[in-house]
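**Q** I am sharing target.pdb, which consists of PDB, C-alpha atoms, pLDDT in the B column:
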ATOM      1  CA  MET U   1     146.583 185.789 122.358  1.00 90.00           C
ATOM      2  CA  ILE U   2     144.232 185.437 119.386  1.00 93.00           C
ATOM      3  CA  LEU U   3     143.357 187.977 116.683  1.00 94.00           C
ATOM      4  CA  LEU U   4     140.082 187.467 114.820  1.00 92.00           C
ATOM      5  CA  LYS U   5     139.435 189.285 111.542  1.00 90.00           C
ATOM      6  CA  THR U   6     136.299 189.103 109.437  1.00 85.00           C
ATOM      7  CA  GLY U   7     137.045 187.297 106.184  1.00 87.00           C
ATOM      8  CA  TYR U   8     140.245 185.795 107.573  1.00 93.00           C
ATOM      9  CA  GLY U   9     138.980 183.936 110.617  1.00 94.00           C
ATOM     10  CA  ILE U  10     141.828 183.451 113.075  1.00 97.00           C
ATOM     11  CA  LYS U  11     144.323 185.916 111.636  1.00 96.00           C
ATOM     12  CA  ASP U  12     147.007 185.511 114.300  1.00 97.00           C
ATOM     13  CA  ALA U  13     147.522 183.411 117.419  1.00 97.00           C
ATOM     14  CA  PHE U  14     150.391 182.705 119.765  1.00 95.00           C
ATOM     15  CA  VAL U  15     151.233 181.682 123.298  1.00 94.00           C
ATOM     16  CA  ILE U  16     153.245 184.052 125.485  1.00 91.00           C
ATOM     17  CA  ARG U  17     155.600 181.952 127.570  1.00 90.00           C
ATOM     18  CA  CYS U  18     155.926 183.254 131.131  1.00 92.00           C
ATOM     19  CA  ARG U  19     158.420 182.375 133.828  1.00 93.00           C
ATOM     20  CA  SER U  20     155.902 182.672 136.626  1.00 95.00           C
ATOM     21  CA  LYS U  21     152.226 183.126 137.396  1.00 93.00           C
ATOM     22  CA  ARG U  22     152.987 186.653 138.574  1.00 95.00           C
ATOM     23  CA  GLU U  23     154.544 187.546 135.219  1.00 95.00           C
ATOM     24  CA  ALA U  24     151.522 186.128 133.414  1.00 92.00           C
ATOM     25  CA  THR U  25     149.153 188.100 135.636  1.00 93.00           C
ATOM     26  CA  ASN U  26     151.057 191.319 134.968  1.00 94.00           C
ATOM     27  CA  ILE U  27     151.016 190.788 131.195  1.00 91.00           C
ATOM     28  CA  ILE U  28     147.290 190.085 131.188  1.00 89.00           C
ATOM     29  CA  SER U  29     146.578 193.074 133.415  1.00 90.00           C
ATOM     30  CA  TYR U  30     148.590 195.390 131.165  1.00 90.00           C
ATOM     31  CA  ALA U  31     146.952 194.046 127.995  1.00 85.00           C
ATOM     32  CA  ARG U  32     143.478 194.465 129.450  1.00 85.00           C
ATOM     33  CA  GLN U  33     144.187 198.027 130.458  1.00 84.00           C
ATOM     34  CA  GLU U  34     145.686 198.991 127.093  1.00 83.00           C
ATOM     35  CA  ALA U  35     142.938 197.345 125.045  1.00 78.00           C
ATOM     36  CA  ASN U  36     140.014 198.362 127.281  1.00 78.00           C
ATOM     37  CA  SER U  37     139.104 194.689 127.354  1.00 86.00           C
ATOM     38  CA  VAL U  38     136.303 192.911 129.179  1.00 89.00           C
ATOM     39  CA  ARG U  39     136.051 189.489 130.776  1.00 91.00           C
ATOM     40  CA  ILE U  40     133.867 186.953 128.963  1.00 94.00           C
ATOM     41  CA  ASP U  41     132.869 183.391 129.726  1.00 96.00           C
ATOM     42  CA  ARG U  42     134.418 180.363 128.059  1.00 96.00           C
ATOM     43  CA  MET U  43     131.250 179.452 126.160  1.00 95.00           C
ATOM     44  CA  THR U  44     131.225 182.850 124.442  1.00 96.00           C
ATOM     45  CA  ALA U  45     134.911 182.563 123.557  1.00 96.00           C
ATOM     46  CA  GLU U  46     134.336 179.125 122.033  1.00 96.00           C
ATOM     47  CA  LEU U  47     131.324 180.345 120.042  1.00 95.00           C
ATOM     48  CA  LEU U  48     133.354 183.194 118.528  1.00 95.00           C
ATOM     49  CA  LEU U  49     136.351 180.972 117.815  1.00 97.00           C
ATOM     50  CA  GLU U  50     134.251 178.310 116.094  1.00 96.00           C
ATOM     51  CA  ALA U  51     132.545 180.961 113.969  1.00 94.00           C
ATOM     52  CA  ALA U  52     135.960 182.442 113.103  1.00 95.00           C
ATOM     53  CA  LEU U  53     137.288 179.028 112.060  1.00 96.00           C
ATOM     54  CA  ALA U  54     134.335 178.607 109.681  1.00 95.00           C
ATOM     55  CA  ASP U  55     134.764 182.170 108.375  1.00 93.00           C
ATOM     56  CA  GLY U  56     138.419 181.544 107.564  1.00 95.00           C
ATOM     57  CA  ILE U  57     137.734 178.219 105.836  1.00 95.00           C
ATOM     58  CA  GLU U  58     134.932 179.751 103.749  1.00 94.00           C
ATOM     59  CA  ASN U  59     137.293 182.487 102.537  1.00 94.00           C
ATOM     60  CA  GLY U  60     140.287 180.244 101.925  1.00 96.00           C
ATOM     61  CA  HIS U  61     142.307 181.258 104.976  1.00 96.00           C
ATOM     62  CA  PRO U  62     143.450 178.519 107.363  1.00 95.00           C
ATOM     63  CA  PRO U  63     143.879 179.516 111.010  1.00 96.00           C
ATOM     64  CA  ALA U  64     147.219 180.999 112.015  1.00 97.00           C
ATOM     65  CA  PRO U  65     149.764 178.240 112.765  1.00 95.00           C
ATOM     66  CA  GLY U  66     150.132 179.436 116.341  1.00 96.00           C
ATOM     67  CA  PHE U  67     146.507 178.562 117.006  1.00 97.00           C
ATOM     68  CA  ILE U  68     147.569 174.943 117.541  1.00 95.00           C
ATOM     69  CA  ASP U  69     149.704 176.055 120.485  1.00 96.00           C
ATOM     70  CA  VAL U  70     146.787 178.076 121.867  1.00 96.00           C
ATOM     71  CA  MET U  71     144.423 175.099 121.544  1.00 96.00           C
ATOM     72  CA  GLU U  72     146.846 172.912 123.484  1.00 95.00           C
ATOM     73  CA  ALA U  73     147.520 175.532 126.172  1.00 93.00           C
ATOM     74  CA  CYS U  74     143.831 176.331 126.696  1.00 94.00           C
ATOM     75  CA  SER U  75     142.336 172.840 126.234  1.00 95.00           C
ATOM     76  CA  LEU U  76     140.426 173.833 123.095  1.00 95.00           C
ATOM     77  CA  SER U  77     140.857 170.585 121.186  1.00 92.00           C
ATOM     78  CA  GLN U  78     137.072 170.122 121.033  1.00 94.00           C
ATOM     79  CA  LEU U  79     136.587 173.221 118.837  1.00 95.00           C
ATOM     80  CA  ARG U  80     135.027 172.611 115.422  1.00 95.00           C
ATOM     81  CA  PRO U  81     134.263 175.127 112.649  1.00 96.00           C
ATOM     82  CA  GLN U  82     130.659 176.209 113.093  1.00 94.00           C
ATOM     83  CA  GLU U  83     129.263 178.514 110.452  1.00 91.00           C
ATOM     84  CA  ARG U  84     127.019 181.108 112.039  1.00 92.00           C
ATOM     85  CA  ASP U  85     125.290 183.505 109.719  1.00 93.00           C
ATOM     86  CA  LEU U  86     124.193 186.962 110.770  1.00 95.00           C
ATOM     87  CA  GLN U  87     120.746 185.769 111.804  1.00 97.00           C
ATOM     88  CA  ALA U  88     122.237 183.105 114.067  1.00 95.00           C
ATOM     89  CA  LEU U  89     124.474 185.670 115.733  1.00 95.00           C
ATOM     90  CA  LEU U  90     121.546 188.063 116.136  1.00 98.00           C
ATOM     91  CA  ASP U  91     119.383 185.328 117.680  1.00 97.00           C
ATOM     92  CA  HIS U  92     122.189 184.588 120.137  1.00 96.00           C
ATOM     93  CA  VAL U  93     122.397 188.178 121.345  1.00 97.00           C
ATOM     94  CA  ASP U  94     118.643 188.867 121.054  1.00 97.00           C
ATOM     95  CA  PRO U  95     116.996 185.560 122.085  1.00 96.00           C
ATOM     96  CA  GLN U  96     113.770 187.233 123.229  1.00 96.00           C
ATOM     97  CA  LYS U  97     113.421 189.052 119.869  1.00 97.00           C
ATOM     98  CA  GLU U  98     113.184 192.402 121.652  1.00 97.00           C
ATOM     99  CA  ILE U  99     115.126 194.089 118.868  1.00 98.00           C
ATOM    100  CA  GLN U 100     113.765 192.011 116.014  1.00 97.00           C
ATOM    101  CA  ASN U 101     110.138 192.667 117.012  1.00 97.00           C
ATOM    102  CA  ALA U 102     110.645 196.349 117.835  1.00 97.00           C
ATOM    103  CA  THR U 103     108.525 198.996 116.137  1.00 97.00           C
ATOM    104  CA  ALA U 104     110.233 201.532 113.895  1.00 96.00           C
ATOM    105  CA  ALA U 105     110.087 204.108 116.690  1.00 97.00           C
ATOM    106  CA  GLN U 106     111.503 201.686 119.273  1.00 97.00           C
ATOM    107  CA  LEU U 107     114.345 200.679 116.944  1.00 97.00           C
ATOM    108  CA  ASP U 108     115.172 204.319 116.282  1.00 97.00           C
ATOM    109  CA  ARG U 109     115.422 204.961 120.029  1.00 97.00           C
ATOM    110  CA  MET U 110     117.788 201.996 120.386  1.00 97.00           C
ATOM    111  CA  LEU U 111     119.940 203.273 117.535  1.00 97.00           C
ATOM    112  CA  ARG U 112     120.100 206.763 119.021  1.00 97.00           C
ATOM    113  CA  ASN U 113     120.586 205.835 122.672  1.00 96.00           C
ATOM    114  CA  GLU U 114     123.172 208.525 123.414  1.00 96.00           C
ATOM    115  CA  PRO U 115     124.361 207.203 126.815  1.00 96.00           C
ATOM    116  CA  ALA U 116     124.975 203.792 125.237  1.00 97.00           C
ATOM    117  CA  LEU U 117     126.695 205.292 122.193  1.00 96.00           C
ATOM    118  CA  ASP U 118     128.942 207.405 124.427  1.00 96.00           C
ATOM    119  CA  ALA U 119     129.845 204.364 126.517  1.00 96.00           C
ATOM    120  CA  LEU U 120     130.669 202.419 123.329  1.00 96.00           C
ATOM    121  CA  VAL U 121     133.294 204.929 122.180  1.00 94.00           C
ATOM    122  CA  PRO U 122     136.260 203.060 123.742  1.00 90.00           C
ATOM    123  CA  PHE U 123     135.221 199.977 121.771  1.00 89.00           C
ATOM    124  CA  THR U 124     134.294 201.645 118.470  1.00 91.00           C
ATOM    125  CA  ASP U 125     136.460 204.749 118.086  1.00 89.00           C
ATOM    126  CA  SER U 126     139.031 202.831 116.017  1.00 89.00           C
ATOM    127  CA  TRP U 127     136.464 201.406 113.587  1.00 94.00           C
ATOM    128  CA  PHE U 128     136.948 202.744 110.082  1.00 94.00           C
ATOM    129  CA  GLU U 129     137.452 201.607 106.497  1.00 94.00           C
ATOM    130  CA  ASP U 130     140.970 201.453 105.087  1.00 90.00           C
ATOM    131  CA  THR U 131     141.038 199.628 101.776  1.00 88.00           C
ATOM    132  CA  GLY U 132     142.543 200.340  98.377  1.00 89.00           C
ATOM    133  CA  GLU U 133     139.096 201.463  97.266  1.00 91.00           C
ATOM    134  CA  THR U 134     138.563 203.918 100.124  1.00 91.00           C
ATOM    135  CA  ARG U 135     142.073 205.317  99.731  1.00 89.00           C
ATOM    136  CA  GLY U 136     141.364 205.790  96.029  1.00 90.00           C
ATOM    137  CA  ILE U 137     138.103 207.563  96.804  1.00 90.00           C
ATOM    138  CA  ILE U 138     139.734 209.953  99.262  1.00 87.00           C
ATOM    139  CA  GLN U 139     142.791 210.684  97.130  1.00 86.00           C
ATOM    140  CA  GLY U 140     140.975 210.886  93.814  1.00 84.00           C
ATOM    141  CA  SER U 141     138.112 213.229  94.710  1.00 79.00           C
ATOM    142  CA  ARG U 142     138.388 216.984  94.625  1.00 78.00           C
ATOM    143  CA  SER U 143     135.704 217.940  97.126  1.00 85.00           C
ATOM    144  CA  VAL U 144     134.866 216.775 100.633  1.00 84.00           C
ATOM    145  CA  ARG U 145     131.224 216.398  99.659  1.00 88.00           C
ATOM    146  CA  THR U 146     132.127 214.039  96.821  1.00 90.00           C
ATOM    147  CA  VAL U 147     134.400 211.989  99.101  1.00 91.00           C
ATOM    148  CA  GLU U 148     131.694 211.706 101.737  1.00 92.00           C
ATOM    149  CA  LYS U 149     129.060 210.683  99.173  1.00 93.00           C
ATOM    150  CA  ARG U 150     131.321 207.996  97.731  1.00 94.00           C
ATOM    151  CA  ILE U 151     132.260 206.610 101.158  1.00 95.00           C
ATOM    152  CA  TRP U 152     128.575 206.270 102.050  1.00 96.00           C
ATOM    153  CA  ALA U 153     128.020 204.439  98.741  1.00 96.00           C
ATOM    154  CA  PHE U 154     130.997 202.181  99.447  1.00 96.00           C
ATOM    155  CA  LEU U 155     129.563 201.253 102.851  1.00 97.00           C
ATOM    156  CA  GLU U 156     126.325 200.125 101.216  1.00 97.00           C
ATOM    157  CA  GLY U 157     128.264 197.166  99.939  1.00 96.00           C
ATOM    158  CA  ARG U 158     129.794 196.494 103.347  1.00 96.00           C
ATOM    159  CA  ARG U 159     126.595 196.057 105.342  1.00 97.00           C
ATOM    160  CA  ASP U 160     127.160 192.376 106.117  1.00 94.00           C
ATOM    161  CA  ILE U 161     130.778 192.931 107.157  1.00 92.00           C
ATOM    162  CA  TRP U 162     129.893 195.656 109.637  1.00 96.00           C
ATOM    163  CA  ALA U 163     126.778 193.829 110.857  1.00 96.00           C
ATOM    164  CA  ARG U 164     129.015 190.882 111.744  1.00 93.00           C
ATOM    165  CA  ARG U 165     131.489 193.166 113.524  1.00 93.00           C
ATOM    166  CA  PHE U 166     128.655 194.766 115.508  1.00 97.00           C
ATOM    167  CA  LEU U 167     127.181 191.395 116.460  1.00 96.00           C
ATOM    168  CA  GLN U 168     130.513 189.865 117.477  1.00 94.00           C
ATOM    169  CA  THR U 169     131.143 192.817 119.748  1.00 95.00           C
ATOM    170  CA  ALA U 170     127.565 192.707 121.047  1.00 97.00           C
ATOM    171  CA  ILE U 171     128.033 189.049 122.016  1.00 97.00           C
ATOM    172  CA  ILE U 172     131.250 189.896 123.859  1.00 96.00           C
ATOM    173  CA  LEU U 173     129.627 192.782 125.732  1.00 97.00           C
ATOM    174  CA  LYS U 174     126.576 190.708 126.604  1.00 97.00           C
ATOM    175  CA  SER U 175     128.845 188.077 128.144  1.00 97.00           C
ATOM    176  CA  ALA U 176     130.556 190.882 130.067  1.00 96.00           C
ATOM    177  CA  LYS U 177     127.143 191.939 131.502  1.00 96.00           C
ATOM    178  CA  LYS U 178     127.093 195.191 129.531  1.00 96.00           C
ATOM    179  CA  GLU U 179     123.564 194.647 128.261  1.00 96.00           C
ATOM    180  CA  ARG U 180     122.807 198.241 127.286  1.00 96.00           C
ATOM    181  CA  LEU U 181     125.883 198.472 125.070  1.00 97.00           C
ATOM    182  CA  SER U 182     125.228 195.050 123.597  1.00 97.00           C
ATOM    183  CA  LYS U 183     121.676 196.024 122.690  1.00 97.00           C
ATOM    184  CA  ALA U 184     122.806 199.225 120.929  1.00 97.00           C
ATOM    185  CA  LEU U 185     125.226 197.263 118.761  1.00 98.00           C
ATOM    186  CA  ALA U 186     122.715 194.517 118.020  1.00 98.00           C
ATOM    187  CA  ALA U 187     120.120 197.115 117.025  1.00 98.00           C
ATOM    188  CA  ALA U 188     122.614 198.695 114.619  1.00 98.00           C
ATOM    189  CA  ALA U 189     123.389 195.267 113.150  1.00 98.00           C
ATOM    190  CA  PHE U 190     119.681 194.528 112.731  1.00 98.00           C
ATOM    191  CA  ALA U 191     119.226 197.862 110.966  1.00 98.00           C
ATOM    192  CA  LEU U 192     122.092 197.054 108.603  1.00 98.00           C
ATOM    193  CA  MET U 193     120.676 193.606 107.866  1.00 98.00           C
ATOM    194  CA  HIS U 194     117.246 195.026 107.064  1.00 97.00           C
ATOM    195  CA  LYS U 195     118.410 197.809 104.751  1.00 96.00           C
ATOM    196  CA  HIS U 196     117.736 200.647 107.177  1.00 97.00           C
ATOM    197  CA  PRO U 197     119.151 203.866 105.642  1.00 97.00           C
ATOM    198  CA  LEU U 198     122.811 204.060 106.605  1.00 97.00           C
ATOM    199  CA  GLN U 199     122.582 207.754 107.428  1.00 96.00           C
ATOM    200  CA  ASP U 200     120.037 206.922 110.142  1.00 97.00           C
ATOM    201  CA  ILE U 201     122.463 204.601 111.975  1.00 98.00           C
ATOM    202  CA  PRO U 202     124.734 206.737 114.212  1.00 97.00           C
ATOM    203  CA  LEU U 203     127.371 204.005 114.552  1.00 97.00           C
ATOM    204  CA  VAL U 204     127.773 203.909 110.768  1.00 98.00           C
ATOM    205  CA  GLU U 205     127.981 207.693 110.646  1.00 96.00           C
ATOM    206  CA  ASP U 206     130.839 207.464 113.147  1.00 96.00           C
ATOM    207  CA  ILE U 207     132.603 204.989 110.850  1.00 96.00           C
ATOM    208  CA  VAL U 208     132.267 207.424 107.932  1.00 95.00           C
ATOM    209  CA  VAL U 209     133.677 210.305 109.978  1.00 93.00           C
ATOM    210  CA  THR U 210     136.602 208.233 111.278  1.00 93.00           C
ATOM    211  CA  THR U 211     137.309 206.931 107.757  1.00 93.00           C
ATOM    212  CA  LEU U 212     137.471 210.492 106.427  1.00 90.00           C
ATOM    213  CA  ASP U 213     139.673 211.640 109.280  1.00 88.00           C
ATOM    214  CA  ALA U 214     142.007 208.670 108.863  1.00 85.00           C
ATOM    215  CA  GLY U 215     142.311 209.405 105.159  1.00 78.00           C
ATOM    216  CA  GLY U 216     143.027 213.088 105.677  1.00 67.00           C
ATOM    217  CA  GLY U 217     139.528 214.238 104.788  1.00 49.00           C
ATOM    218  CA  SER U 218     136.937 215.968 106.939  1.00 45.00           C
ATOM    219  CA  LEU U 219     133.222 216.453 107.042  1.00 43.00           C
ATOM    220  CA  TRP U 220     133.731 220.065 107.860  1.00 40.00           C
TER     221      TRP U 220
END
Could you write out this file's structure as structure tokens?
**A**
Amino acid sequence: MILLKTGYGIKDAFVIRCRSKREATNIISYARQEANSVRIDRMTAELLLEAALADGIENGHPPAPGFIDVMEACSLSQLRPQERDLQALLDHVDPQKEIQNATAAQLDRMLRNEPALDALVPFTDSWFEDTGETRGIIQGSRSVRTVEKRIWAFLEGRRDIWARRFLQTAIILKSAKKERLSKALAAAAFALMHKHPLQDIPLVEDIVVTTLDAGGGSLW
């Protein structure tokens, strides 16, 4: 089990010792069901882990101690930190440049693809901001309109963080053969990277709404 967190790299890692293959299968099955997980190939897992190692080192966070046990159990001794910036991640998920060469109208259709956005809900409905700054905004503002305005402004400074989250998830979904969902996330990441107005990116609007709800606020 490995937990990746932007800015921290490999935040947590441990091996679950099982008495039998059947017990291991049951644990994995339960975890997949609870987390709405998908199956990805080894190459994709290694790419994400190497990028996470580099992310943690860059931000002064070594990988969780338990990651050594995971490396031994899963034969991952060949992993090396590989810094991958947002453009490298985007090129991986959009190798044919379909998103990057899209017209403004085509990009808008990708961003507003309602069937894809609906299908993404199980993966994105827990995405929100919860920092000391956002809690201060929500608790220290008297009106919902002011809170909402300040949260949008806060997210302007978080474009790269959310673009990375979108792209990491897009890479996972592409490996899982969920191309339509992967493309919607990659398009949103591209829009963030290229200073597209936040209010015109439905996935970011969802993050604002969930952030307000989590903090006790409401758009309504």
**Q** Leaving out U:Ser182 and any residue of its chain fewer than 5 positions from it, which residues lie within 7 Å of it when counting only C-alpha atoms, given as a PDB file with C-alpha atoms, in the frame of the given file?
**A**
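Printed below is out.pdb as written:
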ATOM      1  CA  ALA U 170     127.565 192.707 121.047  1.00 97.00           C
ATOM      2  CA  ILE U 171     128.033 189.049 122.016  1.00 97.00           C
ATOM      3  CA  LEU U 173     129.627 192.782 125.732  1.00 97.00           C
ATOM      4  CA  LYS U 174     126.576 190.708 126.604  1.00 97.00           C
TER       5      LYS U 174
END
**Q** Which polymer residues have any atom within 6 Å of an atom of U:Phe128, counting all atoms listed in the file, with same-chain residues fewer than 5 positions away left out, as JSON, numbers by chain?
**A** {"U": [207, 210, 211]}
**Q** Give me the result of the PyMOL selection byres ((chain U and resi 71-74) around 12) on this file, residue by residue, as number ranges by chain.
**A** U: 1-2, 13-17, 42, 45-46, 49-50, 63-70, 75-80
**Q** How many Å separate atom CA of U:Lys5 from atom CA of U:Leu203?
**A** 19.3 Å
**Q** Closest to U:Glu58 among U:Thr131, U:Val208, U:Tyr8, U:Ser141, using all atoms listed in the file?
**A**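 Counting all atoms listed in the file, the residue closest to U:Glu58 is U:Tyr8.
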**Q** Tell me which protein, DNA and RNA residues are within 6 Å of stretch 188-200 of chain U, counting all atoms listed in the file, leaving out same-chain ones fewer than 4 positions away, and put them as a list in words.
**A** Arg159, Ala163 and Phe166 of chain U
**Q** Counting only C-alpha atoms, write as a compact mmCIF listing (two decimals) with C-alpha atoms, in the coordinates of the input all protein and nucleic acid residues lying at most 12 Å from (132.4, 177.5, 108.4) in the file's frame.
**A**
# COMPACT_ATOMS: atom_id res chain seq x y z
CA GLY U 7 137.04 187.30 106.18
CA TYR U 8 140.24 185.80 107.57
CA GLY U 9 138.98 183.94 110.62
CA LEU U 48 133.35 183.19 118.53
CA LEU U 49 136.35 180.97 117.82
CA GLU U 50 134.25 178.31 116.09
CA ALA U 51 132.54 180.96 113.97
CA ALA U 52 135.96 182.44 113.10
CA LEU U 53 137.29 179.03 112.06
CA ALA U 54 134.34 178.61 109.68
CA ASP U 55 134.76 182.17 108.38
CA GLY U 56 138.42 181.54 107.56
CA ILE U 57 137.73 178.22 105.84
CA GLU U 58 134.93 179.75 103.75
CA ASN U 59 137.29 182.49 102.54
CA GLY U 60 140.29 180.24 101.92
CA HIS U 61 142.31 181.26 104.98
CA PRO U 62 143.45 178.52 107.36
CA PRO U 63 143.88 179.52 111.01
CA ARG U 80 135.03 172.61 115.42
CA PRO U 81 134.26 175.13 112.65
CA GLN U 82 130.66 176.21 113.09
CA GLU U 83 129.26 178.51 110.45
CA ARG U 84 127.02 181.11 112.04
CA ASP U 85 125.29 183.50 109.72
**Q** Grab the atom CA of U:Pro115 to atom CA of U:Glu205 distance for me, in Å with one decimal place.
**A**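 Between atom CA of U:Pro115 and atom CA of U:Glu205 the gap works out to 16.6 Å.
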**Q** Just the residues within 7 Å of U:Ile40, please, counting all atoms listed in the file, with nothing from its chain fewer than 6 positions along; format it as a PyMOL selection string.
**A** chain U and resi 172+175-176
**Q** Give me the residues within 8 Å of U:Ala187 as number ranges by chain, counting all atoms listed in the file and dropping any in the same chain fewer than 5 places off.
**A** U: 99, 107, 110-111
**Q** What's the separation between atom CA of U:Met43 and atom CA of U:Ala102, in Å to one decimal place?
**A**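 Computing the Euclidean distance for atom CA of U:Met43 and atom CA of U:Ala102 yields 27.9 Å.
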